[in-house]
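**Student:** One file is attached below, start-v5.txt, containing compact mmCIF, C-alpha atoms (C1' of nucleotides).
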# COMPACT_ATOMS: atom_id res chain seq x y z
CA MET Y 1 113.13 51.02 72.84
CA ALA Y 2 114.17 48.04 70.72
CA ARG Y 3 111.34 45.58 70.21
CA PRO Y 4 111.81 41.91 69.39
CA GLY Y 5 111.76 40.78 65.78
CA ASN Y 6 113.23 41.96 62.52
CA PRO Y 7 112.92 45.60 61.45
CA ARG Y 8 109.80 45.01 59.40
CA GLU Y 9 108.01 43.41 62.34
CA LYS Y 10 109.19 46.07 64.73
CA ILE Y 11 107.89 48.82 62.45
CA MET Y 12 104.54 47.09 62.05
CA ALA Y 13 104.14 46.47 65.78
CA THR Y 14 104.88 50.09 66.62
CA ALA Y 15 102.81 51.51 63.77
CA GLY Y 16 99.96 49.23 64.85
CA LYS Y 17 100.05 50.72 68.30
CA LEU Y 18 100.50 54.36 67.29
CA PHE Y 19 98.07 54.47 64.36
CA TYR Y 20 95.46 53.02 66.69
CA GLU Y 21 96.15 55.22 69.68
CA GLN Y 22 96.90 58.54 67.97
CA GLY Y 23 95.46 58.13 64.51
CA TYR Y 24 97.21 57.78 61.18
CA ASN Y 25 97.74 61.42 60.30
CA ALA Y 26 98.73 62.41 63.81
CA THR Y 27 101.49 59.79 63.80
CA GLY Y 28 104.72 60.79 62.07
CA ILE Y 29 107.10 58.34 60.49
CA ASN Y 30 109.86 59.63 62.79
CA GLN Y 31 107.95 58.69 65.92
CA ILE Y 32 107.37 55.18 64.62
CA LEU Y 33 111.06 54.81 63.79
CA GLU Y 34 112.20 56.11 67.13
CA GLU Y 35 109.86 53.96 69.19
CA ALA Y 36 110.54 50.90 67.06
CA GLY Y 37 114.30 51.47 67.28
CA VAL Y 38 114.72 51.06 63.55
CA ALA Y 39 116.53 53.08 60.88
CA LYS Y 40 114.59 55.29 58.52
CA ALA Y 41 115.95 53.56 55.43
CA SER Y 42 114.56 50.27 56.73
CA LEU Y 43 111.05 51.64 56.66
CA TYR Y 44 111.42 52.92 53.13
CA SER Y 45 113.05 49.76 51.84
CA HIS Y 46 110.30 47.58 53.35
CA PHE Y 47 107.26 49.71 52.63
CA GLY Y 48 108.19 52.41 50.15
CA SER Y 49 106.06 55.13 51.68
CA LYS Y 50 103.88 55.96 54.66
CA GLU Y 51 100.78 55.22 52.60
CA GLU Y 52 102.08 51.75 51.73
CA LEU Y 53 102.74 51.18 55.41
CA GLY Y 54 99.14 52.21 56.07
CA ILE Y 55 97.87 49.71 53.53
CA ALA Y 56 100.03 46.89 54.93
CA TYR Y 57 98.87 47.87 58.42
CA LEU Y 58 95.21 47.46 57.49
CA LYS Y 59 95.76 44.13 55.80
CA GLU Y 60 97.81 42.64 58.60
CA MET Y 61 95.55 43.96 61.31
CA SER Y 62 92.55 42.45 59.56
CA ILE Y 63 94.19 39.04 59.63
CA ALA Y 64 95.10 39.46 63.29
CA TRP Y 65 91.59 40.63 64.13
CA PHE Y 66 89.93 37.61 62.55
CA ARG Y 67 92.42 35.29 64.20
CA ALA Y 68 91.31 36.60 67.60
CA PHE Y 69 87.67 36.60 66.51
CA PHE Y 70 87.74 32.92 65.50
CA THR Y 71 89.62 31.97 68.64
CA ALA Y 72 86.89 33.57 70.72
CA ILE Y 73 84.08 31.90 68.78
CA GLY Y 74 85.94 28.59 68.69
CA LYS Y 75 85.55 28.17 72.44
CA LYS Y 76 81.80 27.68 71.96
CA THR Y 77 80.04 24.80 70.24
CA ILE Y 78 76.34 25.58 70.52
CA PRO Y 79 75.36 27.82 67.58
CA GLU Y 80 73.44 30.27 69.77
CA ASP Y 81 76.46 30.65 72.05
CA ARG Y 82 78.74 31.14 69.10
CA LEU Y 83 76.66 34.04 67.83
CA LEU Y 84 76.53 35.70 71.22
CA ALA Y 85 80.25 35.13 71.69
CA ILE Y 86 81.00 37.89 69.20
CA PHE Y 87 79.71 40.39 71.73
CA SER Y 88 81.69 38.91 74.58
CA PHE Y 89 84.70 39.14 72.30
CA LEU Y 90 83.98 42.84 71.82
CA GLU Y 91 83.54 43.41 75.52
CA ASP Y 92 86.80 41.63 76.36
CA ASN Y 93 88.65 43.74 73.80
CA MET Y 94 87.11 46.88 75.19
CA LEU Y 95 88.14 46.11 78.76
CA LYS Y 96 91.57 44.78 77.88
CA GLN Y 97 93.18 47.84 76.31
CA GLU Y 98 92.71 51.54 76.08
CA PHE Y 99 89.79 51.08 73.75
CA MET Y 100 89.85 53.36 70.74
CA GLY Y 101 87.09 51.70 68.77
CA CYS Y 102 87.50 50.01 65.42
CA ARG Y 103 90.87 50.53 63.69
CA PHE Y 104 89.26 50.20 60.29
CA ILE Y 105 86.47 52.68 60.89
CA ASN Y 106 89.00 55.05 62.41
CA MET Y 107 91.26 54.86 59.39
CA LEU Y 108 88.30 55.36 57.07
CA ALA Y 109 87.72 58.72 58.73
CA GLU Y 110 91.26 59.80 57.87
CA THR Y 111 92.15 58.50 54.48
CA GLY Y 112 91.15 59.16 50.92
CA ASN Y 113 93.57 56.49 49.69
CA ASN Y 114 91.85 53.98 47.47
CA ASP Y 115 93.81 50.91 48.51
CA MET Y 116 93.21 51.68 52.15
CA GLN Y 117 89.50 52.11 51.57
CA GLN Y 118 89.41 48.82 49.71
CA ALA Y 119 91.19 47.01 52.53
CA ILE Y 120 88.68 48.43 55.00
CA VAL Y 121 85.65 47.42 52.95
CA ALA Y 122 87.14 43.94 52.43
CA HIS Y 123 87.56 43.57 56.17
CA LYS Y 124 83.99 44.60 56.92
CA GLN Y 125 82.59 42.47 54.15
CA GLN Y 126 84.33 39.44 55.59
CA LEU Y 127 82.89 40.27 59.00
CA ARG Y 128 79.44 40.63 57.53
CA ASP Y 129 79.78 37.21 55.89
CA GLN Y 130 80.92 35.61 59.12
CA ILE Y 131 78.06 37.11 61.07
CA HIS Y 132 75.72 35.88 58.40
CA GLN Y 133 76.99 32.33 58.80
CA LEU Y 134 76.79 32.48 62.57
CA THR Y 135 73.26 33.83 62.37
CA VAL Y 136 72.09 31.14 59.96
CA ALA Y 137 73.47 28.47 62.28
CA ALA Y 138 71.94 30.03 65.37
CA CYS Y 139 68.52 30.48 63.78
CA SER Y 140 68.27 27.14 61.96
CA GLN Y 141 65.93 25.55 64.52
CA LEU Y 142 63.58 28.48 64.41
CA PRO Y 143 60.38 29.05 62.45
CA ALA Y 144 61.13 30.18 58.93
CA ARG Y 145 62.08 33.84 58.84
CA ASP Y 146 64.18 36.17 56.82
CA THR Y 147 67.51 35.01 58.21
CA LYS Y 148 69.48 37.25 55.88
CA ALA Y 149 67.70 40.32 57.22
CA ILE Y 150 68.31 39.19 60.79
CA ALA Y 151 71.99 38.68 60.00
CA ASP Y 152 72.32 42.24 58.72
CA THR Y 153 70.57 43.54 61.80
CA VAL Y 154 73.05 41.65 63.95
CA TYR Y 155 75.88 43.09 61.89
CA LEU Y 156 74.58 46.65 62.25
CA LEU Y 157 74.12 46.18 65.99
CA PHE Y 158 77.65 44.81 66.22
CA GLU Y 159 79.09 47.79 64.36
CA GLY Y 160 76.96 50.23 66.29
CA ALA Y 161 78.17 48.63 69.52
CA ILE Y 162 81.85 49.08 68.63
CA VAL Y 163 81.47 52.71 67.65
CA GLU Y 164 79.25 53.69 70.55
CA SER Y 165 81.29 51.93 73.21
CA LYS Y 166 84.07 54.22 72.06
CA VAL Y 167 81.89 57.33 72.17
CA TYR Y 168 80.58 56.58 75.67
CA ARG Y 169 83.72 54.82 76.90
CA ASP Y 170 81.38 52.24 78.32
CA VAL Y 171 80.21 48.70 77.72
CA TRP Y 172 76.51 49.53 77.67
CA PRO Y 173 76.25 49.59 73.87
CA ILE Y 174 77.79 46.12 73.68
CA ARG Y 175 75.46 44.74 76.35
CA SER Y 176 72.42 46.35 74.74
CA ALA Y 177 73.34 45.02 71.32
CA ARG Y 178 73.84 41.54 72.75
CA LYS Y 179 70.43 41.58 74.43
CA ALA Y 180 68.77 42.79 71.26
CA VAL Y 181 70.39 39.98 69.29
CA LYS Y 182 69.22 37.42 71.83
CA GLN Y 183 65.66 38.53 71.33
CA LEU Y 184 65.97 38.83 67.57
CA ALA Y 185 67.35 35.34 67.16
CA GLY Y 186 64.83 33.98 69.64
CA ILE Y 187 67.50 32.77 72.02
CA ALA Y 188 66.27 32.00 75.53
CA MET Z 1 86.61 82.37 46.26
CA ALA Z 2 84.89 84.85 48.56
CA ARG Z 3 81.86 83.42 50.28
CA PRO Z 4 78.96 85.45 51.64
CA GLY Z 5 78.94 86.52 55.25
CA ASN Z 6 81.41 87.99 57.70
CA PRO Z 7 84.87 86.47 58.11
CA ARG Z 8 83.85 84.27 61.02
CA GLU Z 9 80.98 82.75 59.06
CA LYS Z 10 83.11 82.29 55.97
CA ILE Z 11 85.76 80.47 57.96
CA MET Z 12 83.20 78.21 59.61
CA ALA Z 13 81.44 77.41 56.33
CA THR Z 14 84.72 76.47 54.65
CA ALA Z 15 86.08 74.57 57.64
CA GLY Z 16 82.76 72.73 57.86
CA LYS Z 17 83.16 71.57 54.30
CA LEU Z 18 86.88 70.72 54.44
CA PHE Z 19 86.97 69.03 57.85
CA TYR Z 20 84.12 66.83 56.68
CA GLU Z 21 85.49 66.01 53.24
CA GLN Z 22 89.20 65.68 54.01
CA GLY Z 23 89.31 65.20 57.74
CA TYR Z 24 90.52 67.54 60.46
CA ASN Z 25 94.22 66.72 60.46
CA ALA Z 26 94.46 66.56 56.69
CA THR Z 27 93.06 70.09 56.43
CA GLY Z 28 95.54 72.91 56.97
CA ILE Z 29 94.58 76.32 58.24
CA ASN Z 30 96.03 77.85 55.07
CA GLN Z 31 93.67 75.92 52.83
CA ILE Z 32 90.68 77.05 54.88
CA LEU Z 33 91.85 80.66 54.70
CA GLU Z 34 92.47 80.54 50.99
CA GLU Z 35 89.15 78.92 50.11
CA ALA Z 36 87.24 81.15 52.49
CA GLY Z 37 88.97 84.24 51.13
CA VAL Z 38 89.80 85.48 54.60
CA ALA Z 39 92.96 86.80 56.22
CA LYS Z 40 94.95 84.62 58.57
CA ALA Z 41 94.75 87.11 61.43
CA SER Z 42 90.95 86.95 61.22
CA LEU Z 43 91.01 83.26 62.01
CA TYR Z 44 93.27 83.73 64.99
CA SER Z 45 91.36 86.71 66.33
CA HIS Z 46 88.04 84.84 66.10
CA PHE Z 47 89.12 81.39 67.22
CA GLY Z 48 92.55 81.61 68.79
CA SER Z 49 93.83 78.32 67.43
CA LYS Z 50 93.00 75.47 65.08
CA GLU Z 51 91.85 73.38 68.03
CA GLU Z 52 89.43 76.10 69.15
CA LEU Z 53 88.11 76.24 65.60
CA GLY Z 54 87.63 72.46 65.79
CA ILE Z 55 85.66 72.79 69.00
CA ALA Z 56 83.47 75.59 67.61
CA TYR Z 57 82.97 73.51 64.45
CA LEU Z 58 81.63 70.57 66.43
CA LYS Z 59 79.29 72.69 68.50
CA GLU Z 60 77.88 74.62 65.57
CA MET Z 61 77.51 71.55 63.40
CA SER Z 62 75.64 69.79 66.17
CA ILE Z 63 73.12 72.62 66.29
CA ALA Z 64 72.78 72.58 62.51
CA TRP Z 65 72.40 68.81 62.48
CA PHE Z 66 69.57 68.81 64.99
CA ARG Z 67 67.87 71.66 63.19
CA ALA Z 68 67.71 69.52 60.05
CA PHE Z 69 66.78 66.46 62.10
CA PHE Z 70 63.79 68.19 63.73
CA THR Z 71 62.71 69.67 60.43
CA ALA Z 72 62.60 66.19 58.92
CA ILE Z 73 60.69 64.70 61.85
CA GLY Z 74 58.39 67.71 62.03
CA LYS Z 75 56.83 66.83 58.70
CA LYS Z 76 55.24 63.76 60.30
CA THR Z 77 52.53 63.66 62.95
CA ILE Z 78 51.89 59.96 63.56
CA PRO Z 79 54.40 58.72 66.20
CA GLU Z 80 55.30 55.61 64.20
CA ASP Z 81 56.06 57.75 61.14
CA ARG Z 82 58.09 60.15 63.19
CA LEU Z 83 60.35 57.36 64.42
CA LEU Z 84 60.83 55.94 60.95
CA ALA Z 85 61.46 59.43 59.57
CA ILE Z 86 64.90 59.46 61.19
CA PHE Z 87 65.99 56.82 58.71
CA SER Z 88 64.54 58.67 55.73
CA PHE Z 89 66.42 61.70 56.99
CA LEU Z 90 69.62 59.67 56.96
CA GLU Z 91 68.94 58.35 53.48
CA ASP Z 92 68.22 61.82 52.12
CA ASN Z 93 71.46 63.11 53.62
CA MET Z 94 73.37 60.23 52.14
CA LEU Z 95 72.03 60.79 48.65
CA LYS Z 96 72.24 64.56 48.77
CA GLN Z 97 75.97 65.07 49.18
CA GLU Z 98 79.20 63.22 48.85
CA PHE Z 99 78.45 61.21 51.96
CA MET Z 100 81.36 60.90 54.33
CA GLY Z 101 79.49 59.45 57.30
CA CYS Z 102 79.07 61.13 60.64
CA ARG Z 103 81.15 64.28 61.24
CA PHE Z 104 81.26 63.61 64.95
CA ILE Z 105 82.37 60.00 64.71
CA ASN Z 106 84.93 61.04 62.10
CA MET Z 107 86.38 63.71 64.35
CA LEU Z 108 86.46 61.29 67.27
CA ALA Z 109 88.83 59.11 65.25
CA GLU Z 110 91.24 62.01 64.85
CA THR Z 111 91.33 63.97 68.05
CA GLY Z 112 92.59 63.47 71.57
CA ASN Z 113 91.37 66.93 72.54
CA ASN Z 114 89.15 66.81 75.59
CA ASP Z 115 86.78 69.61 74.63
CA MET Z 116 86.23 68.08 71.22
CA GLN Z 117 85.51 64.68 72.73
CA GLN Z 118 83.05 66.27 75.13
CA ALA Z 119 81.24 68.06 72.31
CA ILE Z 120 80.96 64.79 70.43
CA VAL Z 121 79.59 62.87 73.41
CA ALA Z 122 77.14 65.69 74.12
CA HIS Z 123 75.88 65.51 70.55
CA LYS Z 124 75.38 61.76 70.65
CA GLN Z 125 73.77 61.86 74.06
CA GLN Z 126 71.25 64.37 72.77
CA LEU Z 127 70.53 62.12 69.82
CA ARG Z 128 70.09 59.14 72.10
CA ASP Z 129 67.61 61.14 74.19
CA GLN Z 130 65.65 62.19 71.14
CA ILE Z 131 65.46 58.66 69.82
CA HIS Z 132 64.33 57.54 73.22
CA GLN Z 133 61.47 60.05 73.15
CA LEU Z 134 60.46 59.09 69.63
CA THR Z 135 60.52 55.42 70.57
CA VAL Z 136 58.40 55.90 73.66
CA ALA Z 137 55.83 57.76 71.59
CA ALA Z 138 55.83 55.19 68.81
CA CYS Z 139 55.51 52.23 71.19
CA SER Z 140 52.93 53.70 73.59
CA GLN Z 141 50.01 51.76 72.12
CA LEU Z 142 51.86 48.49 72.33
CA PRO Z 143 51.83 45.75 74.96
CA ALA Z 144 54.07 46.62 77.87
CA ARG Z 145 57.70 46.04 77.01
CA ASP Z 146 61.06 47.40 77.89
CA THR Z 147 60.79 50.58 75.86
CA LYS Z 148 64.12 51.88 77.07
CA ALA Z 149 65.90 48.81 75.73
CA ILE Z 150 64.09 49.14 72.42
CA ALA Z 151 65.11 52.79 72.23
CA ASP Z 152 68.78 51.90 72.67
CA THR Z 153 68.48 49.23 70.02
CA VAL Z 154 67.03 51.81 67.65
CA TYR Z 155 69.87 54.16 68.53
CA LEU Z 156 72.51 51.50 67.89
CA LEU Z 157 70.89 50.58 64.59
CA PHE Z 158 70.81 54.24 63.62
CA GLU Z 159 74.49 54.70 64.42
CA GLY Z 160 75.41 51.43 62.73
CA ALA Z 161 73.47 52.55 59.67
CA ILE Z 162 75.40 55.85 59.39
CA VAL Z 163 78.78 54.24 59.74
CA GLU Z 164 78.10 51.30 57.44
CA SER Z 165 76.47 53.33 54.70
CA LYS Z 166 79.79 55.14 54.57
CA VAL Z 167 81.80 51.91 54.49
CA TYR Z 168 79.70 50.38 51.70
CA ARG Z 169 78.87 53.68 50.00
CA ASP Z 170 75.35 52.34 49.80
CA VAL Z 171 71.94 52.82 51.37
CA TRP Z 172 71.43 49.18 52.29
CA PRO Z 173 72.46 49.64 55.92
CA ILE Z 174 69.93 52.45 56.34
CA ARG Z 175 67.15 50.41 54.73
CA SER Z 176 68.00 47.33 56.80
CA ALA Z 177 68.08 49.33 60.01
CA ARG Z 178 64.74 50.90 59.17
CA LYS Z 179 63.15 47.53 58.54
CA ALA Z 180 64.55 46.14 61.76
CA VAL Z 181 63.13 49.10 63.69
CA LYS Z 182 59.73 48.59 62.10
CA GLN Z 183 59.62 45.04 63.37
CA LEU Z 184 61.06 45.92 66.77
CA ALA Z 185 58.52 48.62 67.40
CA GLY Z 186 55.76 46.46 66.03
CA ILE Z 187 54.89 48.89 63.26
CA ALA Z 188 52.83 47.46 60.44
C1' DT X 1 83.77 113.79 59.96
C1' DT X 2 86.15 111.35 63.56
C1' DC X 3 88.10 107.43 65.40
C1' DA X 4 87.98 102.98 67.50
C1' DT X 5 87.25 98.49 65.77
C1' DT X 6 87.81 94.98 62.53
C1' DA X 7 89.88 93.10 58.36
C1' DT X 8 93.59 92.47 54.94
C1' DA X 9 98.02 90.97 52.72
C1' DG X 10 101.74 88.81 53.48
C1' DA X 11 106.43 88.40 55.59
C1' DC X 12 108.43 85.66 59.00
C1' DA X 13 109.56 82.09 62.49
C1' DA X 14 110.04 77.63 64.41
C1' DA X 15 108.81 73.15 64.20
C1' DT X 16 107.55 69.20 61.78
C1' DT X 17 106.65 66.14 57.77
C1' DT X 18 107.89 62.74 54.27
C1' DG X 19 111.39 61.06 51.73
C1' DT X 20 116.47 60.53 49.79
C1' DC X 21 121.10 59.63 50.12
C1' DT X 22 125.75 58.39 51.92
C1' DA X 23 129.10 56.02 54.42
C1' DT X 24 129.57 52.36 57.49
C1' DA X 25 128.48 48.20 60.09
C1' DA X 26 126.23 43.74 60.91
C1' DT X 27 124.56 39.34 59.10
C1' DG X 28 124.42 35.02 57.15
C1' DA X 29 124.71 31.73 53.22
C1' DA X 30 128.27 29.53 50.16
C1' DT E 1 136.61 33.35 55.02
C1' DT E 2 134.21 35.76 51.39
C1' DC E 3 130.81 38.71 49.82
C1' DA E 4 126.19 39.97 48.72
C1' DT E 5 122.39 41.48 51.36
C1' DT E 6 120.33 44.00 54.92
C1' DA E 7 120.52 47.38 58.59
C1' DT E 8 122.18 51.61 60.89
C1' DA E 9 122.98 56.61 62.01
C1' DG E 10 122.06 60.68 60.64
C1' DA E 11 122.71 64.63 57.39
C1' DC E 12 119.97 66.86 54.13
C1' DA E 13 116.19 68.66 51.20
C1' DA E 14 111.80 70.51 50.08
C1' DA E 15 107.43 71.23 51.49
C1' DT E 16 104.13 72.14 54.87
C1' DT E 17 102.20 73.30 59.46
C1' DT E 18 100.56 76.43 63.06
C1' DG E 19 100.98 80.73 64.79
C1' DT E 20 102.77 85.85 65.28
C1' DC E 21 103.48 90.31 63.83
C1' DT E 22 103.42 94.64 61.06
C1' DA E 23 101.72 98.14 58.23
C1' DT E 24 97.73 99.45 55.93
C1' DA E 25 92.88 99.67 54.58
C1' DA E 26 87.90 99.27 55.30
C1' DT E 27 83.91 99.86 58.32
C1' DG E 28 80.53 101.83 61.02
C1' DA E 29 78.79 104.10 65.28
C1' DA E 30 78.91 108.73 67.60
For the structure just supplied, provide its representation as structure tokens.

**Tutor:**
Amino acid sequence: MARPGNPREKIMATAGKLFYEQGYNATGINQILEEAGVAKASLYSHFGSKEELGIAYLKEMSIAWFRAFFTAIGKKTIPEDRLLAIFSFLEDNMLKQEFMGCRFINMLAETGNNDMQQAIVAHKQQLRDQIHQLTVAACSQLPARDTKAIADTVYLLFEGAIVESKVYRDVWPIRSARKAVKQLAGIA
Amino acid sequence: MARPGNPREKIMATAGKLFYEQGYNATGINQILEEAGVAKASLYSHFGSKEELGIAYLKEMSIAWFRAFFTAIGKKTIPEDRLLAIFSFLEDNMLKQEFMGCRFINMLAETGNNDMQQAIVAHKQQLRDQIHQLTVAACSQLPARDTKAIADTVYLLFEGAIVESKVYRDVWPIRSARKAVKQLAGIA
DNA sequence: TTCATTATAGACAAATTTGTCTATAATGAA
DNA sequence: TTCATTATAGACAAATTTGTCTATAATGAA
């Protein structure tokens, strides 16, 4: 059962998997400890409580998510391609693992904790900003339009695509969203 | 604490409130019983288990949701207005109560139960069908286009709007989605 | 009124949850 | 090698969870 890394990393890796696959409330501290191969006192000395672990989980997963996001976008240079790449990124993620949708949206359905909610909003706000930037770049050559409104539409389609690909266990929402964005942004 | 109605109805009314406000796993059977003012044996004789209650909850809430949905749409006669009315419906819902997003999406984040997942997919499929019909009607006067694709875009924007209005605790996602749909469907 | 059905209060069980604490072992810098 | 720091196993506590069962009361059709 022992995973590589120090106890803190092992706990986070296992919690990251279990919170995502089973949900936060359905995952007991004991299961995390057992699967991580770490002593109970290590969890409480590193995180203090399950809630604190949940908060740390959200913050670290946000960083990891954006790392992967930027890596995916970074492979493209043409602004139009970069915008569309966010949907290919989604599709790759969906096909790679047992896709359980968005960790942050999932957690938001389970928690009333203020710090957790803040971490989730911060994550989504950052995503919204990034999509805004990508949209501005992709639409710069186009006739003047309300780019900000288009960016929010892209964002809503992106979020809708994540959630619905989970509901239907299918890529169609991602493909549909991508097509809609192509038309919206006037991309051939 | 006693609510009107027979024990079954009291349980469902209370569970409907608590599952939505606190989440399914965070809500214990004892809290439901206490707030409903109903005996424990009544719950188990009517539903058999907490999971069965969860399944019944999803099915009954779906019916109630569509009842309200059709009532809102029914107030409009012009096809274009009827399509846009789904967003006003969302906005009214959001402002009415402590808005916790979509019950069905929330439950999907918490459960691995097959019957629950099926009930959720069935609900969303029905919604997708309805939006498809409304879109076809609203776009019938327009130059030939891929109405089916537009309908799915409307659906994804609708779903994105629900989820994001919860994240941001704000109506902007609903308003943005509505505007995007107006343009998409070519509504003045 | 009779009597089967339905509801109630609440004890009880068995498992599980988060969190604390202790005694001991491993680790790693000085 | 020394010694403070970090980790481990696991007992333990207190609360909570779902579910069962019993004895009694209310209900409502025949």

**Student:** Determine, counting all atoms listed in the file, which protein, DNA and RNA residues have an atom within 12 Å of an atom of Z:Lys124; residues of the same chain fewer than 5 positions away are not included. Present the result as a ChimeraX atom specification.

**Tutor:** /Y:163-168 /Z:58-59,62-63,65-66,102-105,108,117-119,129-131,155-156,158-159

**Student:** Against chain Y, which residues of chain X fall within 10 Å? For each one I want the closest pair of atoms and the distance in Å (one decimal), counting only C-alpha atoms (C1' of nucleotides), rows by chain and increasing residue number, as a Markdown table.

**Tutor:**
| residue | atom | partner | partner_atom | distance |
| --- | --- | --- | --- | --- |
| X:DT16 | C1' | Y:Gly28 | CA | 8.9 |
| X:DT17 | C1' | Y:Gly28 | CA | 7.1 |
| X:DT18 | C1' | Y:Ile29 | CA | 7.7 |
| X:DG19 | C1' | Y:Ser49 | CA | 8.0 |
| X:DT20 | C1' | Y:Ala41 | CA | 9.0 |
| X:DC21 | C1' | Y:Ala41 | CA | 9.6 |

**Student:** List as a PyMOL selection string the protein and nucleic acid residues near E:DT5, meaning an atom at most 12 Å away when all atoms listed in the file are counted, but skip any in the same chain fewer than 4 places from it.

**Tutor:** chain X and resi 26-29

**Student:** Pull out every residue of chain Y that has at least one atom within 6 Å of chain Z, counting all atoms listed in the file, and report them as a ChimeraX atom specification.

**Tutor:** /Y:23,106,109-110,156-157,159-160

**Student:** Which residues come within 9 Å of Y:Arg175, counting all atoms listed in the file, excluding same-chain residues fewer than 6 positions away, as a PyMOL selection string?

**Tutor:** chain Y and resi 87-88+91+161

**Student:** Around all of stretch 27-43 of chain Z's listed atoms, make the axis-aligned box with 4 Å on each side and tell me centre and edge lengths in Å to one decimal, as JSON.

**Tutor:**
{"center_x": 91.6, "center_y": 78.6, "center_z": 56.1, "size_x": 16.8, "size_y": 25.0, "size_z": 19.9}

**Student:** Go ahead and compute the interatomic distance for atom CA of Y:Ser42 and atom CA of Y:Asn6, in Å to one decimal.

**Tutor:** 10.2 Å

**Student:** What's around E:DA23 at 12 Å? Count all atoms listed in the file, leave out sequence neighbours fewer than 4 positions away in its own chain, and write the answer as a ChimeraX atom specification.

**Tutor:** /X:8-11

**Student:** Enter the distance from atom CA of Z:Leu18 to atom CA of Z:Leu95, in Å, rounded to one decimal.

**Tutor:**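 Distance reported for this atom pair: 18.8 Å.
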
**Student:** Quick one, how far is atom CA of Z:Thr27 from atom CA of Z:His46?

**Tutor:**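 Separation of atom CA of Z:Thr27 and atom CA of Z:His46: 18.3 Å.
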